[in-house]
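Okay, my_file_31.cif is below, mmCIF, C-alpha atoms:
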```cif
data_model
loop_
_atom_site.label_atom_id
_atom_site.label_comp_id
_atom_site.auth_asym_id
_atom_site.auth_seq_id
_atom_site.Cartn_x
_atom_site.Cartn_y
_atom_site.Cartn_z
CA MET X 25 40.38 -219.21 -48.38
CA THR X 26 36.69 -218.69 -47.58
CA LEU X 27 34.62 -217.55 -50.55
CA ASP X 28 31.32 -217.67 -48.64
CA MET X 29 30.08 -214.84 -46.46
CA THR X 30 29.13 -215.25 -42.81
CA VAL X 31 25.61 -214.81 -41.47
CA GLU X 32 26.60 -211.42 -40.08
CA GLN X 33 28.03 -210.29 -43.41
CA ASN X 34 24.82 -211.30 -45.16
CA GLU X 35 22.87 -209.30 -42.60
CA ILE X 36 25.07 -206.26 -43.26
CA ARG X 37 24.43 -206.65 -46.98
CA ASP X 38 20.67 -207.02 -46.61
CA SER X 39 20.21 -204.12 -44.20
CA LEU X 40 22.38 -201.84 -46.31
CA ARG X 41 20.60 -202.85 -49.53
CA GLY X 42 17.24 -202.00 -48.02
CA VAL X 43 18.37 -198.58 -46.83
CA LEU X 44 20.11 -197.65 -50.10
CA ALA X 45 16.96 -198.55 -52.07
CA ARG X 46 15.11 -195.70 -50.36
CA PRO X 47 15.53 -192.03 -51.27
CA GLY X 48 17.33 -189.86 -48.77
CA ASP X 49 20.73 -188.73 -47.54
CA ALA X 50 22.95 -191.75 -48.25
CA TRP X 51 25.83 -190.52 -46.10
CA ALA X 52 23.57 -189.93 -43.09
CA SER X 53 22.13 -193.42 -43.55
CA LEU X 54 25.58 -194.98 -43.67
CA VAL X 55 26.54 -193.17 -40.48
CA ASP X 56 23.31 -194.16 -38.71
CA LEU X 57 23.84 -197.83 -39.64
CA GLY X 58 27.42 -197.73 -38.34
CA MET X 59 28.86 -198.53 -41.76
CA THR X 60 31.50 -195.81 -41.43
CA GLU X 61 32.88 -197.66 -38.40
CA ILE X 62 33.38 -201.00 -40.19
CA PRO X 63 37.17 -201.06 -40.88
CA PHE X 64 38.38 -199.20 -37.82
CA PRO X 65 39.48 -200.75 -34.50
CA GLU X 66 37.18 -200.47 -31.50
CA SER X 67 39.83 -198.50 -29.64
CA MET X 68 39.33 -195.70 -32.17
CA GLY X 69 35.55 -195.74 -32.23
CA GLY X 70 35.25 -198.35 -34.95
CA ALA X 71 33.46 -201.67 -35.22
CA GLY X 72 36.66 -203.74 -35.45
CA TYR X 73 35.65 -205.59 -38.61
CA GLY X 74 37.94 -206.72 -41.42
CA ALA X 75 38.54 -206.28 -45.13
CA LYS X 76 35.88 -208.81 -46.07
CA ASP X 77 33.21 -206.93 -44.13
CA LEU X 78 34.34 -203.73 -45.84
CA SER X 79 34.05 -205.42 -49.24
CA VAL X 80 30.42 -206.28 -48.45
CA VAL X 81 29.69 -202.61 -47.86
CA THR X 82 31.50 -201.29 -50.92
CA ALA X 83 29.86 -203.92 -53.15
CA GLU X 84 26.45 -202.66 -52.07
CA LEU X 85 27.48 -199.05 -52.59
CA GLY X 86 28.56 -199.97 -56.12
CA ARG X 87 25.36 -201.91 -56.74
CA ALA X 88 23.24 -198.89 -55.76
CA MET X 89 25.61 -196.36 -57.38
CA THR X 90 25.55 -194.50 -54.06
CA VAL X 91 26.73 -190.89 -53.99
CA ALA X 92 28.62 -190.56 -50.70
CA PRO X 93 32.25 -189.97 -49.64
CA TYR X 94 32.68 -193.54 -48.38
CA LEU X 95 35.51 -194.56 -50.69
CA SER X 96 37.36 -191.28 -50.20
CA SER X 97 36.94 -190.82 -46.46
CA ILE X 98 36.63 -194.30 -44.98
CA VAL X 99 38.66 -196.38 -47.42
CA LEU X 100 41.30 -194.12 -48.96
CA ALA X 101 42.03 -191.59 -46.23
CA GLY X 102 41.00 -193.74 -43.27
CA SER X 103 42.97 -196.82 -44.29
CA THR X 104 46.03 -194.74 -45.13
CA LEU X 105 46.01 -193.20 -41.66
CA LEU X 106 45.61 -196.59 -40.00
CA GLU X 107 48.43 -198.17 -41.99
CA CYS X 108 50.84 -195.23 -42.17
CA ALA X 109 50.31 -192.74 -39.36
CA THR X 110 51.66 -192.74 -35.83
CA ASP X 111 49.50 -194.04 -33.00
CA ASP X 112 49.03 -190.49 -31.67
CA ALA X 113 47.92 -189.23 -35.08
CA CYS X 114 45.46 -192.10 -35.49
CA ALA X 115 44.03 -191.42 -32.05
CA GLU X 116 43.59 -187.76 -32.99
CA TYR X 117 42.01 -188.09 -36.43
CA VAL X 118 40.51 -191.56 -36.92
CA PRO X 119 37.64 -191.47 -34.37
CA ALA X 120 35.94 -188.52 -36.08
CA ILE X 121 36.36 -190.16 -39.50
CA ALA X 122 34.93 -193.44 -38.16
CA ALA X 123 31.97 -191.56 -36.68
CA GLY X 124 31.30 -189.84 -40.00
CA SER X 125 31.38 -186.42 -38.34
CA THR X 126 34.56 -185.58 -40.27
CA THR X 127 35.16 -186.44 -43.92
CA ALA X 128 38.63 -186.84 -45.36
CA ALA X 129 40.24 -187.20 -48.78
CA LEU X 130 43.54 -188.77 -49.76
CA VAL X 131 45.82 -186.53 -51.81
CA THR X 132 48.36 -188.67 -53.64
CA GLY X 133 49.17 -190.13 -57.02
CA TYR X 134 49.23 -193.73 -58.14
CA PRO X 135 51.05 -195.73 -56.87
CA PHE X 136 50.29 -194.12 -53.52
CA ALA X 137 53.99 -193.45 -52.88
CA VAL X 138 54.16 -191.31 -56.04
CA SER X 139 53.18 -187.73 -55.30
CA ASN X 140 53.30 -184.36 -57.02
CA ILE X 141 53.46 -182.62 -53.63
CA ASP X 142 56.78 -181.59 -52.11
CA ALA X 143 57.25 -181.35 -48.36
CA HIS X 144 59.81 -179.44 -46.32
CA ALA X 145 60.05 -180.72 -42.76
CA ASN X 146 60.27 -178.50 -39.70
CA GLY X 147 59.97 -180.71 -36.64
CA ARG X 148 56.41 -182.06 -36.46
CA GLN X 149 55.27 -179.68 -39.19
CA LEU X 150 55.51 -179.92 -42.96
CA THR X 151 55.35 -177.12 -45.51
CA LEU X 152 53.55 -178.39 -48.62
CA ASN X 153 53.87 -177.16 -52.20
CA GLY X 154 52.56 -178.66 -55.43
CA ARG X 155 49.45 -179.85 -57.25
CA GLN X 156 47.64 -183.18 -57.35
CA ASP X 157 44.87 -183.96 -59.83
CA PHE X 158 42.05 -186.52 -59.60
CA VAL X 159 41.61 -186.44 -55.83
CA VAL X 160 38.39 -188.32 -55.03
CA ASP X 161 35.86 -186.07 -53.25
CA GLY X 162 38.62 -183.59 -52.49
CA ALA X 163 36.53 -180.45 -52.91
CA GLU X 164 34.24 -181.05 -49.93
CA ALA X 165 36.46 -183.01 -47.53
CA ASP X 166 37.03 -181.55 -44.07
CA LEU X 167 40.53 -183.02 -43.84
CA LEU X 168 43.17 -183.72 -46.45
CA VAL X 169 45.50 -186.66 -45.86
CA VAL X 170 48.52 -185.89 -48.04
CA VAL X 171 51.32 -188.12 -49.28
CA ALA X 172 54.25 -185.86 -50.15
CA ASN X 173 57.86 -186.08 -51.28
CA GLY X 174 60.23 -185.31 -48.43
CA GLN X 175 63.98 -184.87 -48.47
CA ALA X 176 64.54 -188.44 -47.23
CA GLY X 177 61.52 -190.18 -48.76
CA PRO X 178 57.73 -190.05 -48.58
CA GLU X 179 56.00 -188.02 -45.90
CA LEU X 180 52.44 -188.17 -44.61
CA ALA X 181 50.60 -185.01 -43.60
CA VAL X 182 47.16 -183.97 -42.42
CA VAL X 183 45.82 -180.50 -43.13
CA ASP X 184 42.45 -178.78 -42.87
CA GLY X 185 40.78 -178.54 -46.25
CA THR X 186 40.21 -174.81 -45.77
CA ALA X 187 43.73 -173.98 -44.55
CA PRO X 188 45.47 -170.91 -46.02
CA GLY X 189 47.27 -171.76 -49.25
CA VAL X 190 44.99 -174.70 -50.14
CA THR X 191 43.13 -174.38 -53.44
CA ARG X 192 40.56 -177.01 -54.46
CA THR X 193 39.17 -177.01 -57.99
CA PRO X 194 36.44 -179.46 -59.09
CA LEU X 195 37.35 -181.26 -62.31
CA GLU X 196 35.03 -182.26 -65.11
CA ALA X 197 34.57 -186.03 -64.91
CA LEU X 198 32.90 -188.72 -66.97
CA ASP X 199 31.34 -190.15 -63.80
CA PHE X 200 28.84 -187.64 -62.39
CA THR X 201 28.45 -189.66 -59.18
CA ARG X 202 32.11 -189.47 -58.11
CA ALA X 203 33.63 -186.03 -57.79
CA LEU X 204 37.28 -185.52 -58.75
CA THR X 205 39.27 -182.51 -57.63
CA ARG X 206 42.55 -180.72 -58.31
CA VAL X 207 44.19 -179.85 -54.99
CA GLU X 208 46.99 -177.26 -54.90
CA PHE X 209 49.26 -176.29 -52.02
CA ALA X 210 51.19 -173.04 -51.77
CA ASP X 211 53.39 -172.95 -48.63
CA VAL X 212 50.74 -174.77 -46.64
CA GLU X 213 51.56 -175.67 -43.04
CA ALA X 214 50.46 -179.24 -42.23
CA SER X 215 50.86 -181.72 -39.40
CA ARG X 216 53.52 -184.37 -39.95
CA VAL X 217 51.92 -187.71 -39.03
CA GLY X 218 53.90 -190.43 -40.83
CA GLY X 219 54.98 -193.52 -38.96
CA SER X 220 58.34 -195.28 -39.03
CA ASP X 221 57.81 -197.45 -42.15
CA LEU X 222 55.78 -195.28 -44.48
CA THR X 223 56.73 -197.08 -47.69
CA SER X 224 55.44 -200.44 -46.47
CA GLY X 225 52.34 -198.83 -44.98
CA LEU X 226 51.49 -197.11 -48.24
CA GLU X 227 51.79 -200.40 -50.13
CA ARG X 228 49.29 -202.04 -47.81
CA ALA X 229 46.93 -199.02 -47.79
CA GLN X 230 46.95 -199.06 -51.58
CA ALA X 231 46.10 -202.77 -51.64
CA LEU X 232 43.18 -202.23 -49.24
CA ALA X 233 41.88 -199.40 -51.42
CA LEU X 234 42.14 -201.49 -54.58
CA ALA X 235 40.29 -204.36 -52.92
CA ALA X 236 37.46 -202.00 -52.00
CA VAL X 237 37.27 -200.58 -55.53
CA ALA X 238 37.21 -204.11 -56.97
CA SER X 239 34.31 -205.11 -54.73
CA GLU X 240 32.48 -201.93 -55.76
CA GLN X 241 33.02 -202.88 -59.41
CA VAL X 242 31.55 -206.34 -58.81
CA GLY X 243 28.50 -204.83 -57.09
CA ALA X 244 27.92 -202.48 -60.01
CA ALA X 245 28.36 -205.29 -62.54
CA ARG X 246 25.83 -207.45 -60.72
CA ALA X 247 23.31 -204.59 -60.79
CA CYS X 248 23.78 -204.35 -64.58
CA LEU X 249 23.19 -208.08 -64.92
CA GLU X 250 20.03 -207.94 -62.78
CA MET X 251 18.62 -205.06 -64.83
CA SER X 252 19.38 -206.90 -68.06
CA VAL X 253 17.78 -210.15 -66.92
CA ASP X 254 14.62 -208.33 -65.84
CA TYR X 255 14.47 -206.44 -69.12
CA ALA X 256 15.05 -209.60 -71.17
CA LYS X 257 12.11 -211.25 -69.42
CA THR X 258 9.66 -208.42 -70.13
CA ARG X 259 10.77 -206.88 -73.45
CA GLN X 260 8.80 -208.48 -76.30
CA GLN X 261 10.02 -208.83 -79.86
CA PHE X 262 8.37 -210.95 -82.58
CA GLY X 263 5.78 -211.95 -80.02
CA ARG X 264 8.17 -213.40 -77.42
CA PRO X 265 10.50 -212.14 -74.65
CA ILE X 266 13.93 -211.23 -76.00
CA GLY X 267 15.46 -213.39 -73.28
CA SER X 268 14.29 -216.45 -75.20
CA PHE X 269 16.65 -215.64 -78.08
CA GLN X 270 19.95 -217.46 -78.06
CA ALA X 271 22.03 -214.33 -78.68
CA ILE X 272 20.61 -212.66 -75.54
CA LYS X 273 21.01 -215.82 -73.49
CA HIS X 274 24.68 -216.01 -74.43
CA ARG X 275 25.29 -212.36 -73.52
CA LEU X 276 23.67 -212.82 -70.12
CA SER X 277 25.56 -216.06 -69.50
CA ASP X 278 28.89 -214.45 -70.38
CA MET X 279 28.13 -211.56 -68.01
CA SER X 280 27.22 -213.94 -65.20
CA ILE X 281 30.40 -216.00 -65.60
CA ALA X 282 32.62 -212.90 -65.63
CA ILE X 283 30.93 -211.53 -62.50
CA GLU X 284 31.08 -214.81 -60.58
CA LEU X 285 34.79 -215.15 -61.34
CA ALA X 286 35.47 -211.55 -60.30
CA GLU X 287 33.46 -211.93 -57.10
CA ALA X 288 35.42 -215.02 -56.10
CA ALA X 289 38.68 -213.13 -56.67
CA VAL X 290 37.44 -210.17 -54.62
CA LEU X 291 36.50 -212.39 -51.67
CA ASP X 292 39.87 -214.15 -51.94
CA ALA X 293 41.66 -210.79 -51.88
CA ALA X 294 39.69 -209.74 -48.80
CA ASP X 295 40.75 -212.94 -47.03
CA ALA X 296 44.35 -212.34 -48.11
CA ALA X 297 44.39 -209.08 -46.15
CA THR X 298 44.69 -211.07 -42.93
CA ASP X 299 45.75 -214.56 -44.05
CA ARG X 300 48.81 -213.76 -46.18
CA ASP X 301 51.88 -211.56 -46.21
CA THR X 302 51.87 -208.20 -47.97
CA ALA X 303 53.35 -209.51 -51.23
CA ALA X 304 50.73 -212.25 -51.56
CA PHE X 305 48.00 -209.79 -50.58
CA VAL X 306 49.09 -207.36 -53.28
CA THR X 307 49.06 -210.15 -55.90
CA ALA X 308 45.58 -211.28 -54.84
CA VAL X 309 44.30 -207.70 -54.97
CA SER X 310 45.70 -207.10 -58.46
CA THR X 311 44.10 -210.33 -59.63
CA ALA X 312 40.75 -209.19 -58.25
CA ARG X 313 41.22 -205.76 -59.78
CA VAL X 314 41.85 -207.20 -63.27
CA LEU X 315 38.83 -209.50 -63.14
CA ALA X 316 36.53 -206.91 -61.53
CA THR X 317 37.49 -204.20 -64.01
CA THR X 318 36.93 -206.55 -66.94
CA ALA X 319 33.58 -207.72 -65.54
CA SER X 320 32.27 -204.24 -64.73
CA VAL X 321 33.11 -202.72 -68.12
CA PHE X 322 31.83 -205.80 -69.96
CA ALA X 323 28.59 -205.88 -67.95
CA ALA X 324 27.90 -202.19 -68.50
CA GLU X 325 28.56 -202.38 -72.25
CA GLU X 326 26.58 -205.59 -72.77
CA SER X 327 23.66 -204.30 -70.70
CA ILE X 328 23.38 -201.22 -72.86
CA GLN X 329 23.31 -203.42 -75.95
CA ILE X 330 20.63 -205.70 -74.46
CA HIS X 331 18.46 -202.72 -73.55
CA GLY X 332 18.71 -201.37 -77.07
CA GLY X 333 17.87 -197.68 -77.66
CA ILE X 334 16.68 -197.03 -74.11
CA GLY X 335 20.07 -198.08 -72.76
CA PHE X 336 21.68 -195.03 -74.36
CA THR X 337 19.29 -192.47 -72.88
CA TRP X 338 19.83 -190.06 -69.98
CA GLU X 339 16.66 -191.34 -68.36
CA HIS X 340 17.98 -194.88 -67.88
CA PRO X 341 20.42 -195.63 -65.01
CA LEU X 342 22.66 -197.79 -67.21
CA GLN X 343 24.52 -194.73 -68.46
CA THR X 344 25.52 -194.04 -64.86
CA TYR X 345 26.91 -197.56 -64.45
CA PHE X 346 28.80 -197.27 -67.72
CA ARG X 347 30.35 -193.96 -66.62
CA ARG X 348 31.41 -195.43 -63.27
CA ALA X 349 32.84 -198.55 -64.94
CA LYS X 350 34.98 -196.53 -67.34
CA THR X 351 36.15 -194.17 -64.59
CA ASN X 352 37.05 -196.97 -62.18
CA GLU X 353 38.90 -198.70 -65.00
CA LEU X 354 41.49 -195.90 -64.92
CA LEU X 355 41.22 -194.63 -61.36
CA PHE X 356 44.00 -196.69 -59.77
CA GLY X 357 46.09 -198.25 -62.48
CA THR X 358 45.12 -199.88 -65.76
CA VAL X 359 44.38 -203.56 -66.28
CA GLU X 360 47.76 -203.89 -67.96
CA SER X 361 49.60 -202.48 -64.94
CA HIS X 362 47.85 -204.91 -62.61
CA LEU X 363 48.58 -207.82 -64.93
CA GLU X 364 52.25 -206.91 -64.52
CA VAL X 365 51.86 -207.11 -60.73
CA VAL X 366 50.21 -210.51 -61.01
CA ALA X 367 52.93 -211.77 -63.34
CA SER X 368 55.69 -210.60 -61.01
CA GLY X 369 54.05 -212.43 -58.13
CA LEU X 370 53.98 -215.78 -59.90
#
```

Show me, as structure tokens, the structure contained in the file I just sent.
Amino acid sequence: MTLDMTVEQNEIRDSLRGVLARPGDAWASLVDLGMTEIPFPESMGGAGYGAKDLSVVTAELGRAMTVAPYLSSIVLAGSTLLECATDDACAEYVPAIAAGSTTAALVTGYPFAVSNIDAHANGRQLTLNGRQDFVVDGAEADLLVVVANGQAGPELAVVDGTAPGVTRTPLEALDFTRALTRVEFADVEASRVGGSDLTSGLERAQALALAAVASEQVGAARACLEMSVDYAKTRQQFGRPIGSFQAIKHRLSDMSIAIELAEAAVLDAADAATDRDTAAFVTAVSTARVLATTASVFAAEESIQIHGGIGFTWEHPLQTYFRRAKTNELLFGTVESHLEVVASGL
């Protein structure tokens, strides 16, 4: 287990942090920097990096509260194709996703093998019917990667987002920076792309997605802590900075401890992607998810309290971090559900 980052990973973090601090098209910047290529093999136009490198990127995206389809296209849809699709399907679809020229969204429930979409097979084609809510960035995606219920088990399909019979409806969401969509299929013809062991592939794709979300949560939590420390140093009350008061010191210390613990678990989970079997990887990811969820919600709530009245206003970015923290808390399983996974792995 290596909890430290390499020199190259630190360079990725620093270059990405500098770019995200500047106004502009975040997605175009991520593409220009090659960040969309990170988790994909070189044979498919990727950079050939691993889960830990990906966690560096998603942590920075969470820290900056970046609005871009990185989680949906690169992590959710891209990883699911890599883990679950045939080699021919990966060769057809992954290079454009890695290049950022095509965006994709994953249409499935949670767990990933649970779907509200039914599929009827006809050779290499699938006919899709059903509705799936809470699809991340589903309204604007070029491609939809769909997990469906087939006659003999789960099926994996790829369909154009504008195909006949596809209806995409944006949903009202607490988090304004992460779009959620209802996707409906009515006799939609899609390409059948699932590999031989789809159930196992979906388990691993889900774990990779959860690891990325956990690292994003840690990045967002650290941003809240940094804002709170800066504010505590400058905000004066009774003629002294509020950071000199014991109550504020304790809040900041508790936030820091929670974040450090969550970050260590996230890095451990990223290492587990390559160093351990699937069962151990899943347990490590659920551990990271529990600690990262707890840290991100706690940091957002405590930061608002430390900032006082200004922390509750539309003008302050903390409300955005709070919205993301509460949305991510429920996006892929509750803390309680992941505690059950951890317990079963002991």

Two-atom distance - CA of Ala296 (chain X), CA of Val118 (chain X) (Å)
23.9 Å

I want to know what sits within 9 Å of region 114-117 of chain X, based on only C-alpha atoms, with residues of the same chain fewer than 2 positions away left out; could you give that as a ChimeraX atom specification?
/X:67-68,102,105-106,109-112,119-121,126,182,217

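CA of Val31 (chain X) lies 14.4 Å from CA of Val81 (chain X).
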
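The gap separating CA of Leu226 (chain X) from CA of Gly369 (chain X) is 18.4 Å, in Å to one decimal.
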
Using all atoms listed in the file, which protein or nucleic acid residues come within 6 Å of region 162-175 of chain X? Drop anything in the same chain fewer than 4 positions from it, and give the result as a PyMOL selection string.
chain X and resi 127-132+139+141-143+179-185+192+205

Run the PyMOL selection byres ((chain X and resi 158) around 9) mentally over the shown coordinates, then write out the matched residues as a compact mmCIF listing (two decimals) with C-alpha atoms, in the coordinates of the input, using the chain letters and numbers from the document.
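Now in out21.txt:
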```
# COMPACT_ATOMS: atom_id res chain seq x y z
CA VAL X 131 45.82 -186.53 -51.81
CA THR X 132 48.36 -188.67 -53.64
CA GLY X 133 49.17 -190.13 -57.02
CA GLN X 156 47.64 -183.18 -57.35
CA ASP X 157 44.87 -183.96 -59.83
CA VAL X 159 41.61 -186.44 -55.83
CA VAL X 160 38.39 -188.32 -55.03
CA ASP X 161 35.86 -186.07 -53.25
CA GLY X 162 38.62 -183.59 -52.49
CA LEU X 195 37.35 -181.26 -62.31
CA ALA X 203 33.63 -186.03 -57.79
CA LEU X 204 37.28 -185.52 -58.75
CA THR X 205 39.27 -182.51 -57.63
CA ARG X 206 42.55 -180.72 -58.31
CA VAL X 207 44.19 -179.85 -54.99
CA LEU X 355 41.22 -194.63 -61.36
```

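Among the candidates X:Val359, X:Leu249, X:Ile36, X:Ala137, the one nearest to Leu222 (chain X) when counting all atoms listed in the file is X:Ala137.
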
Selected by the PyMOL selection byres ((chain X and resi 277) around 12) in the shown coordinates: which residues, as an mmCIF file with C-alpha atoms, in the frame of the given file?
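As written to disk, selection20.cif reads:
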```cif
data_model
loop_
_atom_site.group_PDB
_atom_site.id
_atom_site.type_symbol
_atom_site.label_atom_id
_atom_site.label_comp_id
_atom_site.auth_asym_id
_atom_site.auth_seq_id
_atom_site.Cartn_x
_atom_site.Cartn_y
_atom_site.Cartn_z
ATOM 1 C CA LEU X 249 23.190 -208.080 -64.920
ATOM 2 C CA GLU X 250 20.030 -207.940 -62.780
ATOM 3 C CA SER X 252 19.380 -206.900 -68.060
ATOM 4 C CA VAL X 253 17.780 -210.150 -66.920
ATOM 5 C CA GLY X 267 15.460 -213.390 -73.280
ATOM 6 C CA GLN X 270 19.950 -217.460 -78.060
ATOM 7 C CA ALA X 271 22.030 -214.330 -78.680
ATOM 8 C CA ILE X 272 20.610 -212.660 -75.540
ATOM 9 C CA LYS X 273 21.010 -215.820 -73.490
ATOM 10 C CA HIS X 274 24.680 -216.010 -74.430
ATOM 11 C CA ARG X 275 25.290 -212.360 -73.520
ATOM 12 C CA LEU X 276 23.670 -212.820 -70.120
ATOM 13 C CA ASP X 278 28.890 -214.450 -70.380
ATOM 14 C CA MET X 279 28.130 -211.560 -68.010
ATOM 15 C CA SER X 280 27.220 -213.940 -65.200
ATOM 16 C CA ILE X 281 30.400 -216.000 -65.600
ATOM 17 C CA ALA X 282 32.620 -212.900 -65.630
ATOM 18 C CA ILE X 283 30.930 -211.530 -62.500
ATOM 19 C CA GLU X 284 31.080 -214.810 -60.580
ATOM 20 C CA ALA X 323 28.590 -205.880 -67.950
ATOM 21 C CA GLU X 326 26.580 -205.590 -72.770
ATOM 22 C CA SER X 327 23.660 -204.300 -70.700
#
```

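If you measure from each of X:Tyr94, X:Ala233, X:Ser53, X:Ile330 to Lys257 (chain X) using all atoms listed in the file, the closest one turns out to be X:Ile330.
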
Give as a compact mmCIF listing (two decimals) with C-alpha atoms, in the frame of the given file the residues that the PyMOL selection byres ((chain X and resi 147) around 12) matches when applied to the coordinates above.
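Saved to expr.txt:
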```
# COMPACT_ATOMS: atom_id res chain seq x y z
CA HIS X 144 59.81 -179.44 -46.32
CA ALA X 145 60.05 -180.72 -42.76
CA ASN X 146 60.27 -178.50 -39.70
CA ARG X 148 56.41 -182.06 -36.46
CA GLN X 149 55.27 -179.68 -39.19
CA LEU X 150 55.51 -179.92 -42.96
CA THR X 151 55.35 -177.12 -45.51
CA GLU X 213 51.56 -175.67 -43.04
CA ALA X 214 50.46 -179.24 -42.23
CA SER X 215 50.86 -181.72 -39.40
CA ARG X 216 53.52 -184.37 -39.95
CA VAL X 217 51.92 -187.71 -39.03
```

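Compared by their closest atoms to Ala349 (chain X), and using only C-alpha atoms, the residues X:Thr317, X:Thr191, X:Asn34, X:Ser239 rank with X:Thr317 nearest.
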
What's around Val365 (chain X) at 12 Å? Count all atoms listed in the file, leave out sequence neighbours fewer than 2 positions away in its own chain, and write the answer as a ChimeraX atom specification.
/X:231,303-314,357-363,367-370

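Of the listed residues X:Arg259, X:Arg348, X:Arg228, X:Arg246, the one whose atoms come nearest to Leu285 (chain X) is X:Arg246, with distances taken using only C-alpha atoms.
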
Nearest residue to Asp221 (chain X) out of X:Ser97, X:Glu353, X:Glu107, X:Lys76, using only C-alpha atoms?
X:Glu107

File contents for region 325-330 of chain X with all heavy atoms as a compact mmCIF listing (two decimals), in the first residue's frame:
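And here is the file that came out, out_7.txt:
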```
# COMPACT_ATOMS: atom_id res chain seq x y z
N GLU X 325 -20.76 21.28 5.99
CA GLU X 325 -21.62 21.80 7.05
C GLU X 325 -20.83 22.65 8.04
O GLU X 325 -21.28 23.75 8.43
CB GLU X 325 -22.30 20.63 7.77
CG GLU X 325 -23.32 19.89 6.91
CD GLU X 325 -23.91 18.68 7.60
OE1 GLU X 325 -23.32 18.22 8.61
OE2 GLU X 325 -24.95 18.18 7.14
N GLU X 326 -19.68 22.18 8.46
CA GLU X 326 -18.87 22.93 9.42
C GLU X 326 -18.35 24.24 8.81
O GLU X 326 -18.27 25.26 9.50
CB GLU X 326 -17.69 22.08 9.89
CG GLU X 326 -18.07 20.95 10.81
CD GLU X 326 -18.63 21.45 12.13
OE1 GLU X 326 -17.83 21.85 13.00
OE2 GLU X 326 -19.86 21.45 12.29
N SER X 327 -18.01 24.21 7.53
CA SER X 327 -17.50 25.42 6.88
C SER X 327 -18.57 26.50 6.82
O SER X 327 -18.28 27.68 7.01
CB SER X 327 -17.02 25.08 5.47
OG SER X 327 -15.89 24.23 5.51
N ILE X 328 -19.79 26.09 6.57
CA ILE X 328 -20.89 27.06 6.56
C ILE X 328 -21.06 27.68 7.94
O ILE X 328 -21.25 28.90 8.09
CB ILE X 328 -22.19 26.39 6.09
CG1 ILE X 328 -22.11 26.10 4.58
CG2 ILE X 328 -23.40 27.27 6.39
CD1 ILE X 328 -23.29 25.33 4.04
N GLN X 329 -20.95 26.87 8.97
CA GLN X 329 -21.06 27.39 10.33
C GLN X 329 -19.92 28.36 10.65
O GLN X 329 -20.13 29.42 11.26
CB GLN X 329 -21.06 26.23 11.33
CG GLN X 329 -22.28 25.33 11.26
CD GLN X 329 -23.56 26.07 11.60
OE1 GLN X 329 -23.60 26.90 12.50
NE2 GLN X 329 -24.62 25.76 10.87
N ILE X 330 -18.70 28.02 10.26
CA ILE X 330 -17.55 28.88 10.53
C ILE X 330 -17.68 30.21 9.81
O ILE X 330 -17.31 31.26 10.35
CB ILE X 330 -16.25 28.15 10.13
CG1 ILE X 330 -15.98 27.00 11.10
CG2 ILE X 330 -15.05 29.12 10.11
CD1 ILE X 330 -14.85 26.08 10.66
```
